[in-house]
file upload_29.cif (mmCIF, C-alpha atoms)
data_final
#
loop_
_atom_site.group_PDB
_atom_site.id
_atom_site.type_symbol
_atom_site.label_atom_id
_atom_site.label_comp_id
_atom_site.auth_asym_id
_atom_site.auth_seq_id
_atom_site.Cartn_x
_atom_site.Cartn_y
_atom_site.Cartn_z
ATOM 1 C CA MET A 209 12.889 0.860 10.032
ATOM 2 C CA SER A 210 14.153 4.306 9.006
ATOM 3 C CA GLU A 211 12.276 7.517 9.627
ATOM 4 C CA PRO A 212 10.283 9.123 6.772
ATOM 5 C CA MET A 213 12.200 11.941 5.105
ATOM 6 C CA LEU A 214 11.301 15.589 5.560
ATOM 7 C CA LEU A 215 9.898 17.118 2.370
ATOM 8 C CA SER A 216 11.923 19.973 0.915
ATOM 9 C CA VAL A 217 8.802 21.901 -0.043
ATOM 10 C CA GLY A 218 9.534 25.528 -0.849
ATOM 11 C CA ARG A 219 13.256 25.093 -0.260
ATOM 12 C CA THR A 220 15.032 22.707 -2.619
ATOM 13 C CA GLY A 221 12.204 21.413 -4.782
ATOM 14 C CA THR A 222 13.034 20.825 -8.448
ATOM 15 C CA PRO A 223 11.438 22.971 -11.201
ATOM 16 C CA ARG A 224 9.180 20.025 -12.008
ATOM 17 C CA ASP A 225 7.919 20.024 -8.399
ATOM 18 C CA ARG A 226 6.569 23.547 -8.898
ATOM 19 C CA TYR A 227 3.879 22.122 -11.170
ATOM 20 C CA LYS A 228 2.754 19.551 -8.595
ATOM 21 C CA THR A 229 0.272 20.069 -5.804
ATOM 22 C CA LEU A 230 1.440 19.601 -2.246
ATOM 23 C CA ASN A 231 -0.827 16.544 -2.052
ATOM 24 C CA GLN A 232 1.027 14.982 -5.001
ATOM 25 C CA MET A 233 4.430 15.770 -3.521
ATOM 26 C CA VAL A 234 3.479 14.190 -0.192
ATOM 27 C CA ALA A 235 2.042 11.167 -2.027
ATOM 28 C CA GLU A 236 5.297 10.739 -3.972
ATOM 29 C CA GLN A 237 7.439 11.001 -0.838
ATOM 30 C CA LEU A 238 5.167 8.590 1.021
ATOM 31 C CA THR A 239 5.382 6.163 -1.906
ATOM 32 C CA ASP A 240 9.177 6.426 -1.858
ATOM 33 C CA ASP A 241 9.267 5.732 1.883
ATOM 34 C CA ILE A 242 7.056 2.657 1.476
ATOM 35 C CA VAL A 243 9.027 1.314 -1.495
ATOM 36 C CA ALA A 244 12.377 1.921 0.232
ATOM 37 C CA GLY A 245 11.271 -0.010 3.316
ATOM 38 C CA ASN A 246 11.115 3.033 5.603
ATOM 39 C CA LEU A 247 7.439 2.192 6.170
ATOM 40 C CA LEU A 248 6.980 -1.567 6.087
ATOM 41 C CA PRO A 249 3.809 -3.456 5.037
ATOM 42 C CA GLY A 250 1.383 -3.509 7.960
ATOM 43 C CA THR A 251 2.723 -0.260 9.490
ATOM 44 C CA LYS A 252 0.016 2.003 10.924
ATOM 45 C CA LEU A 253 0.152 5.444 9.317
ATOM 46 C CA SER A 254 -0.533 8.304 11.715
ATOM 47 C CA GLU A 255 -1.570 11.552 10.030
ATOM 48 C CA PRO A 256 -0.063 13.780 12.777
ATOM 49 C CA GLU A 257 3.226 11.853 12.750
ATOM 50 C CA LEU A 258 3.523 11.914 8.966
ATOM 51 C CA ALA A 259 2.624 15.618 8.862
ATOM 52 C CA ALA A 260 5.390 16.353 11.376
ATOM 53 C CA ALA A 261 7.873 14.117 9.544
ATOM 54 C CA TYR A 262 7.180 15.740 6.163
ATOM 55 C CA GLY A 263 6.858 19.277 7.499
ATOM 56 C CA VAL A 264 3.302 19.804 6.213
ATOM 57 C CA SER A 265 -0.203 20.096 7.661
ATOM 58 C CA ARG A 266 -2.470 17.074 8.068
ATOM 59 C CA GLY A 267 -4.627 18.001 5.048
ATOM 60 C CA PRO A 268 -2.063 17.072 2.358
ATOM 61 C CA VAL A 269 -1.198 13.898 4.264
ATOM 62 C CA ARG A 270 -4.858 12.875 4.380
ATOM 63 C CA GLU A 271 -5.246 13.457 0.643
ATOM 64 C CA ALA A 272 -1.970 11.639 -0.080
ATOM 65 C CA LEU A 273 -3.201 8.617 1.866
ATOM 66 C CA ARG A 274 -6.351 8.568 -0.250
ATOM 67 C CA LEU A 275 -4.269 8.730 -3.422
ATOM 68 C CA LEU A 276 -2.168 5.801 -2.263
ATOM 69 C CA GLU A 277 -5.282 3.862 -1.309
ATOM 70 C CA GLY A 278 -6.277 4.170 -4.956
ATOM 71 C CA ASN A 279 -3.112 2.442 -6.181
ATOM 72 C CA GLY A 280 -3.168 -0.227 -3.487
ATOM 73 C CA LEU A 281 -0.182 0.886 -1.394
ATOM 74 C CA VAL A 282 -2.345 1.962 1.553
ATOM 75 C CA ARG A 283 -5.464 0.511 3.152
ATOM 76 C CA ILE A 284 -7.879 2.782 5.003
ATOM 77 C CA VAL A 285 -10.445 1.258 7.351
ATOM 78 C CA SER A 286 -13.162 3.470 8.811
ATOM 79 C CA GLY A 287 -12.559 3.996 12.519
ATOM 80 C CA LYS A 288 -9.136 2.332 12.399
ATOM 81 C CA GLY A 289 -7.162 4.625 10.125
ATOM 82 C CA ALA A 290 -4.593 3.838 7.460
ATOM 83 C CA THR A 291 -1.905 1.177 7.219
ATOM 84 C CA VAL A 292 0.677 0.246 4.600
ATOM 85 C CA THR A 293 -0.922 -2.523 2.557
ATOM 86 C CA LYS A 294 0.311 -5.979 3.473
ATOM 87 C CA LEU A 295 -0.368 -8.495 0.719
ATOM 88 C CA THR A 296 -0.936 -12.151 1.490
ATOM 89 C CA PRO A 297 0.803 -14.809 -0.634
ATOM 90 C CA ASP A 298 -2.508 -15.415 -2.431
ATOM 91 C CA GLU A 299 -2.851 -11.693 -3.192
ATOM 92 C CA ILE A 300 0.682 -11.584 -4.587
ATOM 93 C CA ILE A 301 -0.083 -14.604 -6.773
ATOM 94 C CA GLU A 302 -3.279 -12.992 -8.049
ATOM 95 C CA THR A 303 -1.572 -9.651 -8.713
ATOM 96 C CA TYR A 304 1.224 -11.269 -10.697
ATOM 97 C CA ASP A 305 -1.126 -13.546 -12.608
ATOM 98 C CA ILE A 306 -2.889 -10.391 -13.788
ATOM 99 C CA ARG A 307 0.395 -8.592 -14.462
ATOM 100 C CA VAL A 308 1.746 -11.425 -16.587
ATOM 101 C CA GLU A 309 -1.282 -11.403 -18.876
ATOM 102 C CA LEU A 310 -1.588 -7.620 -19.135
ATOM 103 C CA GLU A 311 2.122 -6.967 -19.625
ATOM 104 C CA SER A 312 2.317 -9.744 -22.196
ATOM 105 C CA LEU A 313 -0.529 -8.041 -24.056
ATOM 106 C CA GLY A 314 1.173 -4.657 -23.762
ATOM 107 C CA ALA A 315 4.456 -6.108 -25.030
ATOM 108 C CA ARG A 316 2.907 -7.858 -28.041
ATOM 109 C CA ILE A 317 0.873 -4.859 -29.171
ATOM 110 C CA GLY A 318 3.669 -2.442 -28.311
ATOM 111 C CA MET A 319 6.011 -4.393 -30.585
ATOM 112 C CA ARG A 320 3.703 -3.670 -33.528
ATOM 113 C CA HIS A 321 4.087 0.075 -33.110
ATOM 114 C CA VAL A 322 7.340 0.798 -31.260
ATOM 115 C CA ASP A 323 9.665 3.072 -33.242
ATOM 116 C CA ASN A 324 13.423 3.550 -33.219
ATOM 117 C CA ALA A 325 13.203 6.630 -30.992
ATOM 118 C CA ALA A 326 11.373 4.661 -28.281
ATOM 119 C CA ILE A 327 13.804 1.745 -28.610
ATOM 120 C CA ASP A 328 16.766 4.113 -28.264
ATOM 121 C CA HIS A 329 15.085 5.655 -25.203
ATOM 122 C CA MET A 330 14.708 2.184 -23.684
ATOM 123 C CA GLY A 331 18.414 1.609 -24.271
ATOM 124 C CA LEU A 332 19.292 4.776 -22.355
ATOM 125 C CA VAL A 333 17.010 3.769 -19.476
ATOM 126 C CA LEU A 334 18.573 0.297 -19.407
ATOM 127 C CA GLU A 335 22.026 1.875 -19.205
ATOM 128 C CA GLU A 336 20.865 4.109 -16.355
ATOM 129 C CA MET A 337 19.450 1.043 -14.575
ATOM 130 C CA GLY A 338 22.907 -0.503 -14.701
ATOM 131 C CA ASN A 339 24.267 2.542 -12.877
ATOM 132 C CA THR A 340 21.791 2.204 -9.978
ATOM 133 C CA LEU A 341 22.563 -1.334 -8.786
ATOM 134 C CA ASP A 342 23.399 0.065 -5.347
ATOM 135 C CA SER A 343 19.979 1.734 -5.088
ATOM 136 C CA PRO A 344 17.123 -0.794 -5.421
ATOM 137 C CA ALA A 345 14.394 1.866 -5.089
ATOM 138 C CA ASP A 346 15.842 3.900 -7.985
ATOM 139 C CA TRP A 347 16.412 0.769 -10.065
ATOM 140 C CA ILE A 348 12.796 -0.362 -9.578
ATOM 141 C CA LYS A 349 11.458 2.994 -10.810
ATOM 142 C CA LEU A 350 13.688 2.848 -13.887
ATOM 143 C CA ASN A 351 12.704 -0.777 -14.445
ATOM 144 C CA ASP A 352 9.034 0.183 -14.533
ATOM 145 C CA LYS A 353 9.864 3.027 -16.935
ATOM 146 C CA PHE A 354 11.806 0.660 -19.217
ATOM 147 C CA HIS A 355 8.911 -1.772 -19.553
ATOM 148 C CA LEU A 356 6.260 0.948 -19.826
ATOM 149 C CA LEU A 357 8.047 2.565 -22.765
ATOM 150 C CA LEU A 358 7.268 -0.574 -24.771
ATOM 151 C CA TYR A 359 3.700 -0.899 -23.487
ATOM 152 C CA GLU A 360 2.993 2.788 -24.158
ATOM 153 C CA ALA A 361 3.938 2.233 -27.797
ATOM 154 C CA SER A 362 0.714 0.196 -28.042
ATOM 155 C CA GLY A 363 -1.281 3.420 -27.684
ATOM 156 C CA MET A 364 -3.514 1.679 -25.112
ATOM 157 C CA SER A 365 -3.523 4.242 -22.314
ATOM 158 C CA GLN A 366 -6.030 2.388 -20.116
ATOM 159 C CA LEU A 367 -3.952 -0.782 -20.271
ATOM 160 C CA CYS A 368 -0.823 1.167 -19.313
ATOM 161 C CA ASP A 369 -2.628 2.852 -16.401
ATOM 162 C CA ILE A 370 -3.716 -0.519 -15.004
ATOM 163 C CA ILE A 371 -0.230 -1.980 -15.402
ATOM 164 C CA SER A 372 1.298 1.072 -13.687
ATOM 165 C CA THR A 373 -1.053 0.673 -10.725
ATOM 166 C CA LEU A 374 -0.154 -3.005 -10.338
ATOM 167 C CA MET A 375 3.557 -2.185 -10.598
ATOM 168 C CA VAL A 376 3.303 0.310 -7.750
ATOM 169 C CA LYS A 377 1.295 -2.139 -5.651
ATOM 170 C CA THR A 378 4.094 -4.720 -5.728
ATOM 171 C CA ARG A 379 7.034 -2.321 -5.365
ATOM 172 C CA PRO A 380 7.552 -2.821 -1.583
ATOM 173 C CA TYR A 381 7.903 -6.563 -2.134
ATOM 174 C CA GLN A 382 10.234 -6.037 -5.088
ATOM 175 C CA TYR A 383 12.412 -3.850 -2.891
ATOM 176 C CA VAL A 384 12.813 -6.558 -0.237
ATOM 177 C CA TYR A 385 13.524 -9.174 -2.909
ATOM 178 C CA LEU A 386 16.016 -7.006 -4.801
ATOM 179 C CA ALA A 387 17.774 -5.495 -1.777
ATOM 180 C CA PRO A 388 20.756 -7.897 -2.046
ATOM 181 C CA ARG A 389 23.014 -6.467 -4.755
ATOM 182 C CA GLU A 390 23.697 -9.893 -6.249
ATOM 183 C CA THR A 391 19.973 -10.518 -6.749
ATOM 184 C CA LEU A 392 19.485 -7.085 -8.272
ATOM 185 C CA ALA A 393 22.449 -7.560 -10.625
ATOM 186 C CA THR A 394 21.099 -10.935 -11.785
ATOM 187 C CA THR A 395 17.630 -9.503 -12.341
ATOM 188 C CA HIS A 396 19.105 -6.567 -14.222
ATOM 189 C CA GLN A 397 20.932 -8.888 -16.620
ATOM 190 C CA GLU A 398 17.605 -10.501 -17.575
ATOM 191 C CA HIS A 399 16.772 -7.240 -19.361
ATOM 192 C CA VAL A 400 19.639 -7.593 -21.825
ATOM 193 C CA PRO A 401 18.109 -10.452 -23.883
ATOM 194 C CA LEU A 402 14.721 -8.717 -23.633
ATOM 195 C CA TYR A 403 16.143 -5.504 -25.086
ATOM 196 C CA ASP A 404 18.006 -7.435 -27.784
ATOM 197 C CA ALA A 405 14.737 -9.151 -28.778
ATOM 198 C CA ILE A 406 12.984 -5.779 -28.938
ATOM 199 C CA ARG A 407 15.731 -4.333 -31.156
ATOM 200 C CA ARG A 408 15.519 -7.209 -33.632
ATOM 201 C CA GLY A 409 11.695 -7.126 -33.653
ATOM 202 C CA ASP A 410 11.199 -10.669 -32.294
ATOM 203 C CA VAL A 411 7.655 -10.452 -30.903
ATOM 204 C CA GLU A 412 7.531 -14.076 -29.722
ATOM 205 C CA ALA A 413 10.799 -13.783 -27.822
ATOM 206 C CA VAL A 414 9.720 -10.498 -26.206
ATOM 207 C CA ASP A 415 6.459 -12.113 -25.082
ATOM 208 C CA GLN A 416 8.162 -15.192 -23.626
ATOM 209 C CA ILE A 417 10.955 -13.260 -21.887
ATOM 210 C CA THR A 418 8.431 -10.823 -20.387
ATOM 211 C CA ARG A 419 6.373 -13.698 -19.004
ATOM 212 C CA SER A 420 9.315 -15.664 -17.593
ATOM 213 C CA HIS A 421 10.891 -12.532 -16.116
ATOM 214 C CA LEU A 422 7.716 -11.683 -14.196
ATOM 215 C CA ARG A 423 7.150 -15.286 -13.115
ATOM 216 C CA ARG A 424 10.646 -15.633 -11.620
ATOM 217 C CA GLY A 425 10.279 -12.472 -9.590
ATOM 218 C CA ALA A 426 6.793 -13.446 -8.440
ATOM 219 C CA GLU A 427 7.895 -16.885 -7.252
ATOM 220 C CA ALA A 428 10.654 -15.384 -5.113
ATOM 221 C CA MET A 429 8.329 -12.782 -3.568
ATOM 222 C CA ILE A 430 5.662 -15.390 -2.863
ATOM 223 C CA ARG A 431 8.209 -17.560 -1.044
ATOM 224 C CA MET A 432 9.259 -14.584 1.090
ATOM 225 C CA ALA A 433 5.641 -13.722 1.911
ATOM 226 C CA MET A 434 4.932 -17.316 2.947
ATOM 227 C CA LEU A 435 8.007 -17.397 5.183
ATOM 228 C CA ASN A 436 6.948 -14.131 6.825
ATOM 229 C CA GLU A 437 3.431 -15.475 7.374
ATOM 230 C CA ARG A 438 4.787 -18.594 9.064
ATOM 231 C CA ALA A 439 7.170 -16.575 11.222
ATOM 232 C CA GLU A 440 4.348 -14.301 12.400
ATOM 233 C CA SER A 441 2.037 -17.200 13.221
ATOM 234 C CA SER A 442 4.674 -19.144 15.198
#
call {"tool": "encode", "arguments": {"input": "upload_29.cif", "output": "structure tokens"}}
result
Amino acid sequence: MSEPMLLSVGRTGTPRDRYKTLNQMVAEQLTDDIVAGNLLPGTKLSEPELAAAYGVSRGPVREALRLLEGNGLVRIVSGKGATVTKLTPDEIIETYDIRVELESLGARIGMRHVDNAAIDHMGLVLEEMGNTLDSPADWIKLNDKFHLLLYEASGMSQLCDIISTLMVKTRPYQYVYLAPRETLATTHQEHVPLYDAIRRGDVEAVDQITRSHLRRGAEAMIRMAMLNERAESS
């Protein structure tokens, strides 16, 4: 496991970072470290250690942990502290069952309203995804953005917020699954027929491809979680 990365607060932060609170910046860096496998599921999260690693006080770390508890990446137990959430196979199944239905809904309604500008934007994101096949963490973020551009066209902000939360919750498991470049390249190619269906306005095809795409990824992650469970119990 790699060490968490020191935050560049006040030194090399981007202009966009200037509009974020320190709590948000710590939360984003902590999310990145979890997604990239620097902090594995089940890892105990020490406030003093994280504060030292990120070069901040414990206050922003504490608030960041609470933010991540809200999206399911961190679990906080009174008297025991915080740990990186470790989903059981059943929890992964449940999460993806919900994702399939909600993202299918977002795709169908989004297809009724998506305009050419949004479709062109999706094409640019898809192209950028193809340039990040050596960086699973970056690809996963762009992948979420690609799909959300369609769902956001629905105008259903609450639906998109729920989907975004579920996406973040499963990111650490996606990272492990997509770490091999061959797997990531194969998964990336599944987006080509999806984008083609979006461009030609084929709602039924978009719905079916969205469902099958999520199901394939879920099945692989569930198998990995079951293997890990067996290994830990043996």
call {"tool": "closest_residue", "arguments": {"input": "upload_29.cif", "among": "A:Glu255, A:Phe354, A:Gly289, A:Leu367", "to": "Leu334 in chain A", "atoms": "all atoms listed in the file"}}
result
A:Phe354
call {"tool": "resolve_selection", "arguments": {"input": "upload_29.cif", "expression": "the PyMOL selection byres ((chain A and resi 252) around 6)", "output": "list in words"}}
result
Thr251, Leu253 and Thr291 of chain A
call {"tool": "axis_aligned_box", "arguments": {"input": "upload_29.cif", "around": "range 282-299 of chain A", "padding_each_side": "6 Å", "output": "lines of an AutoDock Vina configuration file"}}
result
center_x = -6.2
center_y = -5.4
center_z = 4.7
size_x = 26.0
size_y = 32.0
size_z = 27.7
call {"tool": "resolve_selection", "arguments": {"input": "upload_29.cif", "expression": "the PyMOL selection byres ((chain A and resi 413) around 12)", "output": "ChimeraX atom specification"}}
result
/A:312,315-316,319,401-412,414-421
call {"tool": "residues_around", "arguments": {"input": "upload_29.cif", "residues": "Ile317 in chain A", "least_positions_apart": "3", "cutoff": "6 Å", "atoms": "all atoms listed in the file", "output": "PyMOL selection string"}}
result
chain A and resi 314+320+362
call {"tool": "write_last_selection", "arguments": {"input": "upload_29.cif", "atoms": "C-alpha atoms", "output": "PDB file, keeping the file's coordinate frame"}}
result
ATOM      1  CA  GLY A 314       1.173  -4.657 -23.762  1.00  0.00           C
ATOM      2  CA  ARG A 320       3.703  -3.670 -33.528  1.00  0.00           C
ATOM      3  CA  SER A 362       0.714   0.196 -28.042  1.00  0.00           C
TER       4      SER A 362
END
call {"tool": "resolve_selection", "arguments": {"input": "upload_29.cif", "expression": "the PyMOL selection byres ((chain A and resi 247) around 12)", "output": "ChimeraX atom specification"}}
result
/A:209-213,237-246,248-254,258,281-282,291-294,380,383
call {"tool": "residues_near_point", "arguments": {"input": "upload_29.cif", "point": "(2.4, 3.6, -3.7)", "cutoff": "7 Å", "atoms": "only C-alpha atoms", "output": "PyMOL selection string"}}
result
chain A and resi 239+276+279-281+376-377
call {"tool": "closest_residue", "arguments": {"input": "upload_29.cif", "among": "A:Arg423, A:Met233, A:Met432, A:Tyr385", "to": "Val264 in chain A", "atoms": "only C-alpha atoms"}}
result
A:Met233
call {"tool": "residues_near_point", "arguments": {"input": "upload_29.cif", "point": "(-1.2, 17.0, 0.0)", "cutoff": "9 Å", "atoms": "all atoms listed in the file", "output": "ChimeraX atom specification"}}
result
/A:229-235,264-273
call {"tool": "atom_distance", "arguments": {"input": "upload_29.cif", "atom1": "CA of Met337 in chain A", "atom2": "CA of Lys349 in chain A"}}
result
9.0 Å
call {"tool": "atom_distance", "arguments": {"input": "upload_29.cif", "atom1": "CA of Ala428 in chain A", "atom2": "CA of Leu310 in chain A"}}
result
20.2 Å
call {"tool": "atom_distance", "arguments": {"input": "upload_29.cif", "atom1": "CA of Met434 in chain A", "atom2": "CA of Leu295 in chain A"}}
result
10.5 Å
call {"tool": "closest_residue", "arguments": {"input": "upload_29.cif", "among": "A:Lys288, A:Arg283, A:Arg438, A:His355", "to": "Glu311 in chain A", "atoms": "all atoms listed in the file"}}
result
A:His355
call {"tool": "closest_residue", "arguments": {"input": "upload_29.cif", "among": "A:Pro297, A:Lys353, A:Ala260, A:Leu392", "to": "Glu437 in chain A", "atoms": "only C-alpha atoms"}}
result
A:Pro297
call {"tool": "closest_residue", "arguments": {"input": "upload_29.cif", "among": "A:Glu360, A:Glu336, A:Asp346, A:Asp305", "to": "Val322 in chain A", "atoms": "only C-alpha atoms"}}
result
A:Glu360
call {"tool": "closest_residue", "arguments": {"input": "upload_29.cif", "among": "A:Ser286, A:Thr303, A:Gln382, A:Thr296", "to": "Leu435 in chain A", "atoms": "all atoms listed in the file"}}
result
A:Thr296
